[in-house]
file protein11.txt (compact mmCIF, C-alpha atoms)
# COMPACT_ATOMS: atom_id res chain seq x y z
CA MET Z 1 41.00 227.88 45.17
CA LYS Z 2 40.55 229.20 41.62
CA ALA Z 3 42.33 232.23 40.17
CA LEU Z 4 41.62 234.43 37.15
CA VAL Z 5 44.80 235.97 35.71
CA LEU Z 6 44.87 238.99 33.40
CA SER Z 7 47.10 237.79 30.57
CA SER Z 8 48.24 240.25 27.89
CA GLY Z 9 51.02 238.16 26.40
CA GLY Z 10 53.71 240.48 27.79
CA VAL Z 11 56.53 239.85 30.27
CA ASP Z 12 54.76 240.99 33.44
CA SER Z 13 51.40 239.26 33.03
CA THR Z 14 53.06 236.07 31.77
CA THR Z 15 55.20 235.99 34.90
CA ALA Z 16 52.06 236.57 36.99
CA LEU Z 17 50.45 233.64 35.16
CA GLY Z 18 53.48 231.44 35.82
CA LEU Z 19 53.35 232.33 39.52
CA ALA Z 20 49.61 231.59 39.69
CA VAL Z 21 50.02 228.22 37.97
CA LYS Z 22 52.71 227.31 40.49
CA LYS Z 23 50.60 228.51 43.45
CA TYR Z 24 47.12 227.28 42.49
CA GLY Z 25 47.77 224.52 39.91
CA LYS Z 26 46.98 224.84 36.20
CA GLU Z 27 43.53 223.26 36.56
CA ASN Z 28 42.57 226.10 38.91
CA VAL Z 29 43.83 228.95 36.75
CA ILE Z 30 41.92 230.82 34.02
CA ALA Z 31 43.69 233.34 31.77
CA LEU Z 32 41.66 236.36 30.65
CA SER Z 33 42.95 238.20 27.58
CA VAL Z 34 41.42 241.54 26.66
CA SER Z 35 41.46 243.37 23.35
CA TYR Z 36 41.13 247.10 23.83
CA GLY Z 37 41.63 248.44 20.32
CA GLN Z 38 45.41 248.14 20.06
CA LYS Z 39 47.03 248.97 16.74
CA HIS Z 40 47.97 245.29 16.31
CA ASP Z 41 47.02 241.80 17.55
CA LYS Z 42 50.53 240.56 18.39
CA GLU Z 43 49.78 240.71 22.13
CA ILE Z 44 46.69 238.53 21.90
CA ARG Z 45 48.51 235.99 19.73
CA ALA Z 46 51.29 235.87 22.30
CA ALA Z 47 48.72 235.46 25.10
CA ILE Z 48 47.20 232.49 23.26
CA ALA Z 49 50.62 230.83 22.90
CA VAL Z 50 51.33 231.41 26.59
CA ALA Z 51 47.99 229.96 27.75
CA GLU Z 52 48.58 226.92 25.52
CA TYR Z 53 52.06 226.50 26.99
CA TYR Z 54 50.65 226.44 30.52
CA GLY Z 55 47.61 224.37 29.52
CA VAL Z 56 45.14 226.71 31.23
CA GLU Z 57 41.62 227.70 30.21
CA GLN Z 58 41.61 231.02 28.39
CA LEU Z 59 38.80 233.55 28.01
CA PHE Z 60 38.71 236.54 25.68
CA LEU Z 61 37.03 239.88 25.91
CA ASP Z 62 36.84 242.79 23.49
CA LEU Z 63 36.50 246.12 25.29
CA SER Z 64 37.62 248.31 22.38
CA LYS Z 65 34.26 250.12 22.17
CA ILE Z 66 34.81 251.56 25.63
CA PHE Z 67 37.99 253.24 24.41
CA GLN Z 68 36.55 254.49 21.11
CA TYR Z 69 36.62 258.12 22.31
CA SER Z 70 40.23 257.97 23.53
CA ASN Z 71 43.19 259.56 21.76
CA CYS Z 72 45.74 257.30 23.48
CA SER Z 73 48.62 256.67 21.08
CA LEU Z 74 48.32 252.88 21.41
CA LEU Z 75 44.83 252.79 19.92
CA GLN Z 76 43.81 252.21 16.30
CA GLN Z 77 41.83 255.43 16.00
CA SER Z 78 44.67 257.61 17.26
CA ALA Z 79 46.91 259.44 14.81
CA GLU Z 80 49.40 260.11 17.62
CA GLU Z 81 52.82 258.50 17.24
CA ILE Z 82 53.94 256.03 19.88
CA PRO Z 83 56.89 257.77 21.59
CA GLU Z 84 60.38 256.40 20.95
CA ALA Z 85 61.69 256.98 24.46
CA SER Z 86 61.97 255.15 27.77
CA TYR Z 87 59.29 255.78 30.37
CA ALA Z 88 61.87 257.68 32.43
CA GLU Z 89 62.46 260.10 29.54
CA GLN Z 90 58.71 260.47 28.96
CA ILE Z 91 58.12 261.17 32.64
CA SER Z 92 60.70 263.94 32.58
CA GLN Z 93 58.66 265.55 29.77
CA THR Z 94 55.37 265.30 31.69
CA GLU Z 95 57.21 266.49 34.84
CA GLY Z 96 55.74 263.49 36.66
CA GLU Z 97 52.39 265.24 36.84
CA LYS Z 98 50.30 263.38 34.30
CA PRO Z 99 50.16 259.98 32.62
CA VAL Z 100 52.28 259.26 29.52
CA SER Z 101 50.67 259.26 26.04
CA THR Z 102 50.49 255.46 26.07
CA TYR Z 103 48.26 255.52 29.19
CA VAL Z 104 44.96 253.90 28.16
CA PRO Z 105 42.31 255.63 30.29
CA PHE Z 106 41.68 253.62 33.48
CA ARG Z 107 42.60 250.44 31.63
CA ASN Z 108 43.69 248.42 34.63
CA GLY Z 109 40.63 249.49 36.62
CA LEU Z 110 38.37 248.42 33.78
CA PHE Z 111 40.27 245.16 33.22
CA LEU Z 112 40.15 244.30 36.93
CA SER Z 113 36.44 245.12 37.14
CA SER Z 114 35.67 243.00 34.09
CA ALA Z 115 37.80 240.24 35.57
CA ALA Z 116 35.86 240.58 38.84
CA SER Z 117 32.49 240.14 37.13
CA ILE Z 118 33.76 237.07 35.27
CA ALA Z 119 35.67 235.63 38.25
CA LEU Z 120 32.54 235.70 40.42
CA SER Z 121 30.62 233.80 37.75
CA LYS Z 122 33.44 231.28 37.31
CA GLU Z 123 33.80 230.73 41.07
CA CYS Z 124 37.27 232.19 41.37
CA GLU Z 125 38.32 233.72 44.67
CA VAL Z 126 41.30 235.68 43.42
CA ILE Z 127 42.27 237.86 40.45
CA CYS Z 128 45.98 238.23 39.60
CA TYR Z 129 47.63 240.88 37.46
CA GLY Z 130 51.15 241.97 36.67
CA ALA Z 131 51.35 245.70 37.58
CA HIS Z 132 54.86 246.56 38.77
CA ALA Z 133 56.70 249.45 40.35
CA ASP Z 134 58.48 250.75 37.24
CA ASP Z 135 55.18 251.30 35.43
CA SER Z 136 53.73 253.46 38.20
CA ALA Z 137 56.92 255.48 38.79
CA GLY Z 138 56.58 259.20 38.17
CA PHE Z 139 52.85 258.90 37.52
CA ALA Z 140 53.49 257.27 34.10
CA TYR Z 141 50.72 254.69 34.56
CA PRO Z 142 48.80 255.69 37.70
CA ASP Z 143 46.63 252.55 37.38
CA CYS Z 144 49.69 250.43 38.24
CA SER Z 145 50.45 252.11 41.58
CA PRO Z 146 50.22 250.48 45.03
CA VAL Z 147 47.66 253.07 46.18
CA PHE Z 148 45.47 252.30 43.15
CA ASN Z 149 45.91 248.57 43.69
CA ASN Z 150 44.94 248.77 47.36
CA ALA Z 151 41.81 250.80 46.57
CA MET Z 152 40.82 248.46 43.74
CA ASN Z 153 41.36 245.42 45.93
CA GLU Z 154 39.12 246.93 48.59
CA ALA Z 155 36.47 247.89 46.02
CA ILE Z 156 36.43 244.34 44.64
CA TRP Z 157 36.46 242.73 48.09
CA GLU Z 158 33.62 244.92 49.37
CA GLY Z 159 31.68 245.13 46.10
CA SER Z 160 31.70 241.34 45.71
CA GLY Z 161 30.35 240.74 49.19
CA HIS Z 162 33.73 239.47 50.45
CA GLN Z 163 33.97 236.76 47.79
CA LEU Z 164 36.92 237.97 45.72
CA ARG Z 165 40.27 239.70 46.17
CA VAL Z 166 43.12 240.99 44.02
CA GLU Z 167 46.70 239.72 43.98
CA ALA Z 168 49.34 242.02 42.48
CA PRO Z 169 52.55 240.19 43.31
CA PHE Z 170 54.84 242.74 41.61
CA VAL Z 171 53.21 246.00 42.64
CA ASN Z 172 56.23 246.92 44.79
CA VAL Z 173 59.01 245.39 42.70
CA THR Z 174 60.86 246.51 39.57
CA LYS Z 175 60.56 244.94 36.14
CA ALA Z 176 64.12 243.58 36.51
CA GLU Z 177 62.95 241.74 39.65
CA VAL Z 178 59.86 240.45 37.79
CA VAL Z 179 62.15 238.96 35.15
CA ARG Z 180 64.45 237.51 37.85
CA MET Z 181 61.46 235.74 39.41
CA GLY Z 182 60.22 234.63 35.99
CA LEU Z 183 63.59 233.16 35.00
CA GLU Z 184 63.52 231.10 38.19
CA LEU Z 185 60.00 229.95 37.33
CA GLN Z 186 61.11 229.15 33.76
CA VAL Z 187 58.49 231.43 32.28
CA PRO Z 188 58.40 230.99 28.46
CA TYR Z 189 59.55 234.53 27.62
CA GLU Z 190 60.29 233.39 24.06
CA LEU Z 191 56.51 233.33 23.49
CA THR Z 192 55.81 236.83 24.86
CA TRP Z 193 55.35 240.12 23.03
CA SER Z 194 55.88 243.56 24.56
CA CYS Z 195 56.50 246.01 21.69
CA TYR Z 196 53.84 248.68 21.16
CA GLU Z 197 54.40 248.51 17.40
CA GLY Z 198 53.04 245.56 15.45
CA SER Z 199 55.95 244.79 13.13
CA GLU Z 200 57.38 241.33 12.61
CA LYS Z 201 60.12 241.96 15.19
CA PRO Z 202 60.08 244.23 18.24
CA CYS Z 203 61.05 247.80 17.30
CA GLY Z 204 63.56 248.21 20.12
CA ARG Z 205 62.74 251.91 20.40
CA CYS Z 206 59.35 252.25 22.14
CA GLY Z 207 59.05 252.61 25.92
CA THR Z 208 58.17 249.00 26.57
CA CYS Z 209 60.93 247.62 24.28
CA ILE Z 210 63.50 249.79 26.11
CA ASP Z 211 62.27 248.75 29.56
CA ARG Z 212 62.08 245.08 28.60
CA ALA Z 213 65.66 245.11 27.30
CA ALA Z 214 66.88 246.80 30.47
CA ALA Z 215 65.13 244.19 32.65
CA PHE Z 216 66.85 241.29 30.85
CA GLN Z 217 70.20 243.12 30.86
CA ALA Z 218 69.91 243.62 34.63
CA ASN Z 219 69.65 239.84 34.91
CA HIS Z 220 72.62 239.29 32.54
CA VAL Z 221 70.41 237.24 30.23
CA ALA Z 222 69.64 237.62 26.53
CA ASP Z 223 65.95 238.20 25.82
CA PRO Z 224 64.80 234.81 24.45
CA ALA Z 225 62.19 236.52 22.24
CA LEU Z 226 65.04 238.19 20.29
CA ARG Z 227 66.94 235.00 19.52
CA MET O 1 33.04 271.01 34.75
CA LYS O 2 31.62 268.02 32.85
CA ALA O 3 29.90 265.03 34.45
CA LEU O 4 29.13 261.51 33.20
CA VAL O 5 26.03 260.04 34.83
CA LEU O 6 25.18 256.34 34.89
CA SER O 7 21.57 256.31 33.70
CA SER O 8 19.55 253.09 33.85
CA GLY O 9 16.09 254.60 33.40
CA GLY O 10 15.11 253.78 37.00
CA VAL O 11 14.16 256.05 39.90
CA ASP O 12 17.58 256.38 41.52
CA SER O 13 19.74 257.06 38.48
CA THR O 14 17.14 259.40 36.99
CA THR O 15 17.19 261.41 40.20
CA ALA O 16 21.01 261.44 40.08
CA LEU O 17 20.75 262.71 36.49
CA GLY O 18 18.29 265.43 37.53
CA LEU O 19 20.66 266.51 40.30
CA ALA O 20 23.65 266.57 37.93
CA VAL O 21 21.75 268.62 35.35
CA LYS O 22 20.87 271.15 38.05
CA LYS O 23 24.44 271.24 39.39
CA TYR O 24 26.49 271.21 36.17
CA GLY O 25 24.03 272.36 33.47
CA LYS O 26 22.62 270.07 30.77
CA GLU O 27 25.32 271.00 28.25
CA ASN O 28 27.92 269.61 30.67
CA VAL O 29 26.17 266.33 31.41
CA ILE O 30 26.49 263.05 29.51
CA ALA O 31 24.23 260.09 30.30
CA LEU O 32 25.74 256.61 29.96
CA SER O 33 23.27 253.74 29.61
CA VAL O 34 24.56 250.19 29.82
CA SER O 35 22.96 246.97 28.60
CA TYR O 36 24.14 244.00 30.61
CA GLY O 37 21.97 241.20 29.28
CA GLN O 38 18.75 241.97 31.11
CA LYS O 39 15.69 239.88 30.29
CA HIS O 40 14.04 242.94 28.69
CA ASP O 41 14.92 246.35 27.19
CA LYS O 42 12.35 248.43 29.10
CA GLU O 43 15.10 250.05 31.19
CA ILE O 44 17.10 251.25 28.19
CA ARG O 45 13.95 252.62 26.53
CA ALA O 46 13.16 254.50 29.72
CA ALA O 47 16.75 255.81 29.88
CA ILE O 48 16.41 257.13 26.33
CA ALA O 49 13.17 258.94 27.20
CA VAL O 50 14.79 260.44 30.30
CA ALA O 51 17.89 261.66 28.41
CA GLU O 52 15.62 263.22 25.77
CA TYR O 53 13.59 264.91 28.50
CA TYR O 54 16.71 266.51 29.96
CA GLY O 55 18.24 267.24 26.54
CA VAL O 56 21.58 265.68 27.44
CA GLU O 57 24.02 263.72 25.29
CA GLN O 58 23.57 259.98 25.76
CA LEU O 59 26.05 257.17 25.19
CA PHE O 60 25.32 253.44 25.12
CA LEU O 61 27.39 250.45 26.01
CA ASP O 62 26.66 246.73 25.78
CA LEU O 63 28.52 244.76 28.45
CA SER O 64 26.36 241.64 28.29
CA LYS O 65 29.25 239.42 27.15
CA ILE O 66 31.02 240.04 30.45
CA PHE O 67 28.06 238.56 32.30
CA GLN O 68 27.57 235.58 29.97
CA TYR O 69 28.81 233.13 32.62
CA SER O 70 26.59 234.49 35.39
CA ASN O 71 23.48 232.77 36.71
CA CYS O 72 22.00 235.99 38.14
CA SER O 73 18.21 235.81 37.90
CA LEU O 74 17.98 239.14 36.03
CA LEU O 75 19.93 237.85 33.04
CA GLN O 76 18.61 236.35 29.81
CA GLN O 77 20.58 233.14 30.10
CA SER O 78 19.39 232.41 33.63
CA ALA O 79 16.52 230.02 34.24
CA GLU O 80 16.22 231.29 37.82
CA GLU O 81 12.97 233.05 38.68
CA ILE O 82 13.14 236.66 39.81
CA PRO O 83 12.05 236.55 43.48
CA GLU O 84 8.64 237.99 44.34
CA ALA O 85 9.68 239.50 47.65
CA SER O 86 11.01 242.75 49.06
CA TYR O 87 14.76 243.07 49.54
CA ALA O 88 14.16 242.95 53.29
CA GLU O 89 12.47 239.54 52.97
CA GLN O 90 15.23 238.29 50.66
CA ILE O 91 17.91 239.47 53.07
CA SER O 92 16.26 237.53 55.89
CA GLN O 93 16.60 234.41 53.70
CA THR O 94 20.28 235.02 52.97
CA GLU O 95 20.80 235.92 56.66
CA GLY O 96 22.51 239.13 55.49
CA GLU O 97 25.60 237.15 54.61
CA LYS O 98 25.53 237.08 50.83
CA PRO O 99 24.11 239.09 47.94
CA VAL O 100 20.52 238.50 46.77
CA SER O 101 19.85 236.47 43.58
CA THR O 102 19.34 239.67 41.59
CA TYR O 103 22.91 240.80 42.39
CA VAL O 104 24.70 241.09 39.03
CA PRO O 105 28.34 240.24 39.77
CA PHE O 106 30.31 243.43 40.49
CA ARG O 107 27.98 245.35 38.20
CA ASN O 108 28.46 248.77 39.75
CA GLY O 109 32.23 248.32 39.86
CA LEU O 110 32.24 247.42 36.18
CA PHE O 111 29.84 250.22 35.26
CA LEU O 112 31.89 252.80 37.17
CA SER O 113 35.15 251.56 35.63
CA SER O 114 33.65 251.69 32.12
CA ALA O 115 32.32 255.15 32.92
CA ALA O 116 35.79 256.17 34.12
CA SER O 117 37.46 255.10 30.87
CA ILE O 118 34.85 256.98 28.82
CA ALA O 119 34.74 260.02 31.13
CA LEU O 120 38.50 260.52 30.80
CA SER O 121 38.20 260.45 27.02
CA LYS O 122 35.24 262.86 27.05
CA GLU O 123 37.01 265.28 29.43
CA CYS O 124 34.62 264.78 32.33
CA GLU O 125 35.94 265.34 35.85
CA VAL O 126 33.17 263.56 37.71
CA ILE O 127 31.07 260.39 37.44
CA CYS O 128 27.66 260.30 39.17
CA TYR O 129 25.58 257.26 40.05
CA GLY O 130 22.48 256.54 42.09
CA ALA O 131 23.49 253.90 44.65
CA HIS O 132 21.48 254.37 47.85
CA ALA O 133 21.41 253.02 51.39
CA ASP O 134 18.42 250.67 51.02
CA ASP O 135 20.15 248.73 48.24
CA SER O 136 23.25 248.03 50.31
CA ALA O 137 21.37 247.17 53.53
CA GLY O 138 21.94 243.64 54.80
CA PHE O 139 24.54 242.93 52.11
CA ALA O 140 21.79 242.70 49.42
CA TYR O 141 23.85 244.64 46.84
CA PRO O 142 27.33 245.04 48.31
CA ASP O 143 28.36 247.15 45.31
CA CYS O 144 26.02 249.91 46.52
CA SER O 145 27.60 250.32 49.97
CA PRO O 146 29.46 253.38 51.28
CA VAL O 147 32.61 251.34 51.87
CA PHE O 148 32.52 250.07 48.27
CA ASN O 149 31.84 253.57 46.99
CA ASN O 150 34.74 255.07 48.93
CA ALA O 151 37.15 252.44 47.67
CA MET O 152 35.94 252.81 44.08
CA ASN O 153 36.22 256.58 44.28
CA GLU O 154 39.79 256.26 45.51
CA ALA O 155 40.64 253.69 42.82
CA ILE O 156 39.27 256.00 40.11
CA TRP O 157 40.94 259.11 41.57
CA GLU O 158 44.31 257.39 41.89
CA GLY O 159 44.07 255.25 38.76
CA SER O 160 43.17 258.27 36.61
CA GLY O 161 46.14 260.30 37.82
CA HIS O 162 43.91 262.60 39.91
CA GLN O 163 41.75 263.59 36.96
CA LEU O 164 38.40 262.03 37.88
CA ARG O 165 36.25 261.37 40.95
CA VAL O 166 32.96 259.69 41.81
CA GLU O 167 29.82 261.37 43.18
CA ALA O 168 27.25 259.13 44.86
CA PRO O 169 24.81 261.66 46.31
CA PHE O 170 22.46 259.02 47.77
CA VAL O 171 24.92 256.50 49.16
CA ASN O 172 23.87 257.31 52.73
CA VAL O 173 20.17 258.05 52.18
CA THR O 174 17.11 255.84 51.77
CA LYS O 175 15.13 255.40 48.56
CA ALA O 176 12.25 257.35 50.14
CA GLU O 177 14.64 260.27 50.59
CA VAL O 178 15.85 259.90 46.98
CA VAL O 179 12.23 260.24 45.81
CA ARG O 180 11.67 263.21 48.14
CA MET O 181 14.67 264.98 46.57
CA GLY O 182 13.52 263.98 43.08
CA LEU O 183 9.99 265.31 43.61
CA GLU O 184 11.50 268.65 44.61
CA LEU O 185 13.65 268.59 41.46
CA GLN O 186 10.59 267.66 39.37
CA VAL O 187 12.26 264.52 38.08
CA PRO O 188 10.10 262.95 35.30
CA TYR O 189 9.30 259.73 37.18
CA GLU O 190 6.48 259.02 34.71
CA LEU O 191 9.20 258.14 32.18
CA THR O 192 11.14 255.77 34.44
CA TRP O 193 11.04 251.97 34.65
CA SER O 194 12.09 249.92 37.68
CA CYS O 195 10.38 246.52 37.40
CA TYR O 196 12.68 243.52 36.88
CA GLU O 197 10.06 241.87 34.67
CA GLY O 198 9.56 243.15 31.13
CA SER O 199 5.75 243.12 30.90
CA GLU O 200 3.71 246.04 29.61
CA LYS O 201 3.07 247.28 33.16
CA PRO O 202 5.23 246.90 36.28
CA CYS O 203 4.53 243.56 38.01
CA GLY O 204 4.19 245.07 41.48
CA ARG O 205 5.65 241.92 43.05
CA CYS O 206 9.43 241.94 42.44
CA GLY O 207 11.87 243.50 44.92
CA THR O 208 12.32 246.73 43.03
CA CYS O 209 8.57 247.22 42.42
CA ILE O 210 7.92 246.76 46.14
CA ASP O 211 10.68 249.16 47.17
CA ARG O 212 9.64 251.75 44.59
CA ALA O 213 6.03 251.68 45.78
CA ALA O 214 7.13 252.07 49.40
CA ALA O 215 9.33 255.06 48.51
CA PHE O 216 6.44 256.91 46.85
CA GLN O 217 4.06 255.96 49.67
CA ALA O 218 6.50 257.37 52.22
CA ASN O 219 6.22 260.66 50.35
CA HIS O 220 2.39 260.44 50.21
CA VAL O 221 2.51 260.64 46.44
CA ALA O 222 1.09 258.32 43.78
CA ASP O 223 3.77 256.82 41.51
CA PRO O 224 3.32 258.81 38.27
CA ALA O 225 4.46 255.80 36.22
CA LEU O 226 1.36 253.90 37.37
CA ARG O 227 -1.17 256.54 36.34

call {"tool": "encode", "arguments": {"input": "protein11.txt", "output": "structure tokens"}}
result
Amino acid sequence: MKALVLSSGGVDSTTALGLAVKKYGKENVIALSVSYGQKHDKEIRAAIAVAEYYGVEQLFLDLSKIFQYSNCSLLQQSAEEIPEASYAEQISQTEGEKPVSTYVPFRNGLFLSSAASIALSKECEVICYGAHADDSAGFAYPDCSPVFNNAMNEAIWEGSGHQLRVEAPFVNVTKAEVVRMGLELQVPYELTWSCYEGSEKPCGRCGTCIDRAAAFQANHVADPALR
Amino acid sequence: MKALVLSSGGVDSTTALGLAVKKYGKENVIALSVSYGQKHDKEIRAAIAVAEYYGVEQLFLDLSKIFQYSNCSLLQQSAEEIPEASYAEQISQTEGEKPVSTYVPFRNGLFLSSAASIALSKECEVICYGAHADDSAGFAYPDCSPVFNNAMNEAIWEGSGHQLRVEAPFVNVTKAEVVRMGLELQVPYELTWSCYEGSEKPCGRCGTCIDRAAAFQANHVADPALR
């Protein structure tokens, strides 16, 4: 069985890729890396290093035009600052009623749909992605939630004529648990990039830097990307 | 309330656009027309004429790269012939167990997801598209079925943080009924294009030509595009 894995170069998707390589074998895994108009290309460069490490085929897609009308703070055209706060702090500001400012509109739905179209052409029977429970908490990223994932899986299963399904192995687990699983799998976290800013080193202050640090701390391990 | 309507220049989506204009007002409707690597550009030219007729804003998107690995017979890179048979005849060949050769992999899922990302940025609360019951019959186009539509609607509702939903006004009605509704709405069918081939006039032999002709015949009306 062949699997297409959404691979952003970050901790979660790299762990999902590691799991898929273990489960399906590297010759049956394709990594798909999507540009969506981020303010920097660090993520894609990390995704390339990760795919090389695992020795899997890698495909690229540029979907930035679809987001050209968005004011999401992660995107090149946005003048909005990327918040220097954990997701938990940001959620308390939005009162858990709307997505955070780094929510890219329906990004995971679009990425999964694009992956579905490609997977069907490349004879894959499964798509994997790294959504996890911390990202969907408090409505921060609603396109990471279990209810979204279940609906998307059904849409892809039904819309493909029962040829393709979605695997989201972390949808009910925390980022700390993702890292615990990844450490066991010897995922090359030293190659990954999470920071929303594009400086030489991770900023340590944006939501994803804060959450990444907490996930390694919970496992009593130094983040190998910071060595 | 603002609506984004998937507009391909064919009978079904043009009727969906006519309905949306009546329901939401033309100033609140945006047409989205997607190129996906078709063998001709007749559809897009028809979609432009239709959007001009209704006086609505129109956006364009080229998603052909996503389908570059597909062997679907509608696509430029495919050497496969477009079948000269009705969908019903094609379904009898596939025994209703797999999509027909003109199924573009997960096209409607991808189009709806792209529409969702754009709709959220353009402050629309609804996406409309023209999937109808004849297209999903016998598994011909599984991404036109009610069960697909329901799942996709839920994925978009949940994945957008309850900001956006999908309207598929024809998902349970036949193409003949779509045309009946469109004739009442005075939809400009003379501007539309359905044929899978890109000749000067519709071929009259491909699946969509046959189904279009039957839908007008059922309404005892000559197809205005053939005058």

call {"tool": "interface_residues", "arguments": {"input": "protein11.txt", "of": "chain O", "to": "chain Z", "cutoff": "9 Å", "atoms": "all atoms listed in the file", "output": "ChimeraX atom specification"}}
result
/O:61,63,65-72,97-99,104-122,139-145,147-163

call {"tool": "atom_distance", "arguments": {"input": "protein11.txt", "atom1": "CA of Tyr129 (chain O)", "atom2": "CA of Leu6 (chain O)"}}
result
5.3 Å

call {"tool": "atom_distance", "arguments": {"input": "protein11.txt", "atom1": "CA of Lys26 (chain Z)", "atom2": "CA of Arg212 (chain Z)"}}
result
26.4 Å

call {"tool": "residues_near_point", "arguments": {"input": "protein11.txt", "point": "(22.4, 245.6, 28.5)", "cutoff": "8 Å", "atoms": "only C-alpha atoms", "output": "list in words"}}
result
Val34, Ser35, Tyr36, Gly37, Gln38, Asp41, Ile44, Leu61, Asp62, Leu63 and Ser64 of chain O

call {"tool": "atom_distance", "arguments": {"input": "protein11.txt", "atom1": "CA of Gly9 (chain O)", "atom2": "CA of Ile91 (chain O)"}}
result
24.9 Å

call {"tool": "residues_around", "arguments": {"input": "protein11.txt", "residues": "Asp223 (chain Z)", "least_positions_apart": "2", "cutoff": "9 Å", "atoms": "all atoms listed in the file", "output": "ChimeraX atom specification"}}
result
/Z:189-190,212-213,216-217,221,225-227

call {"tool": "residues_around", "arguments": {"input": "protein11.txt", "residues": "Leu191 (chain O)", "least_positions_apart": "3", "cutoff": "10 Å", "atoms": "only C-alpha atoms", "output": "number ranges by chain"}}
result
O: 9-11, 14, 45-50, 53, 187-188, 224-225

call {"tool": "residues_around", "arguments": {"input": "protein11.txt", "residues": "Asp12 (chain Z)", "least_positions_apart": "5", "cutoff": "8 Å", "atoms": "all atoms listed in the file", "output": "PyMOL selection string"}}
result
chain Z and resi 130-132+175+178-179

call {"tool": "write_last_selection", "arguments": {"input": "protein11.txt", "atoms": "C-alpha atoms", "output": "PDB file, keeping the file's coordinate frame"}}
result
ATOM      1  CA  GLY Z 130      51.150 241.970  36.670  1.00  0.00           C
ATOM      2  CA  ALA Z 131      51.350 245.700  37.580  1.00  0.00           C
ATOM      3  CA  HIS Z 132      54.860 246.560  38.770  1.00  0.00           C
ATOM      4  CA  LYS Z 175      60.560 244.940  36.140  1.00  0.00           C
ATOM      5  CA  VAL Z 178      59.860 240.450  37.790  1.00  0.00           C
ATOM      6  CA  VAL Z 179      62.150 238.960  35.150  1.00  0.00           C
TER       7      VAL Z 179
END

call {"tool": "residues_around", "arguments": {"input": "protein11.txt", "residues": "Lys22 (chain Z)", "least_positions_apart": "6", "cutoff": "10 Å", "atoms": "all atoms listed in the file", "output": "list of chain:residue names"}}
result
Z:Ala16, Z:Val29, Z:Leu185

call {"tool": "closest_residue", "arguments": {"input": "protein11.txt", "among": "Z:Met1, Z:Ala31, Z:Met181, Z:Leu75", "to": "Asn219 (chain Z)", "atoms": "all atoms listed in the file"}}
result
Z:Met181

call {"tool": "axis_aligned_box", "arguments": {"input": "protein11.txt", "around": "region 149-155 of chain O", "padding_each_side": "6 Å", "output": "AutoDock Vina command-line options"}}
result
--center_x 36.2 --center_y 254.5 --center_z 45.9 --size_x 20.8 --size_y 16.1 --size_z 18.1
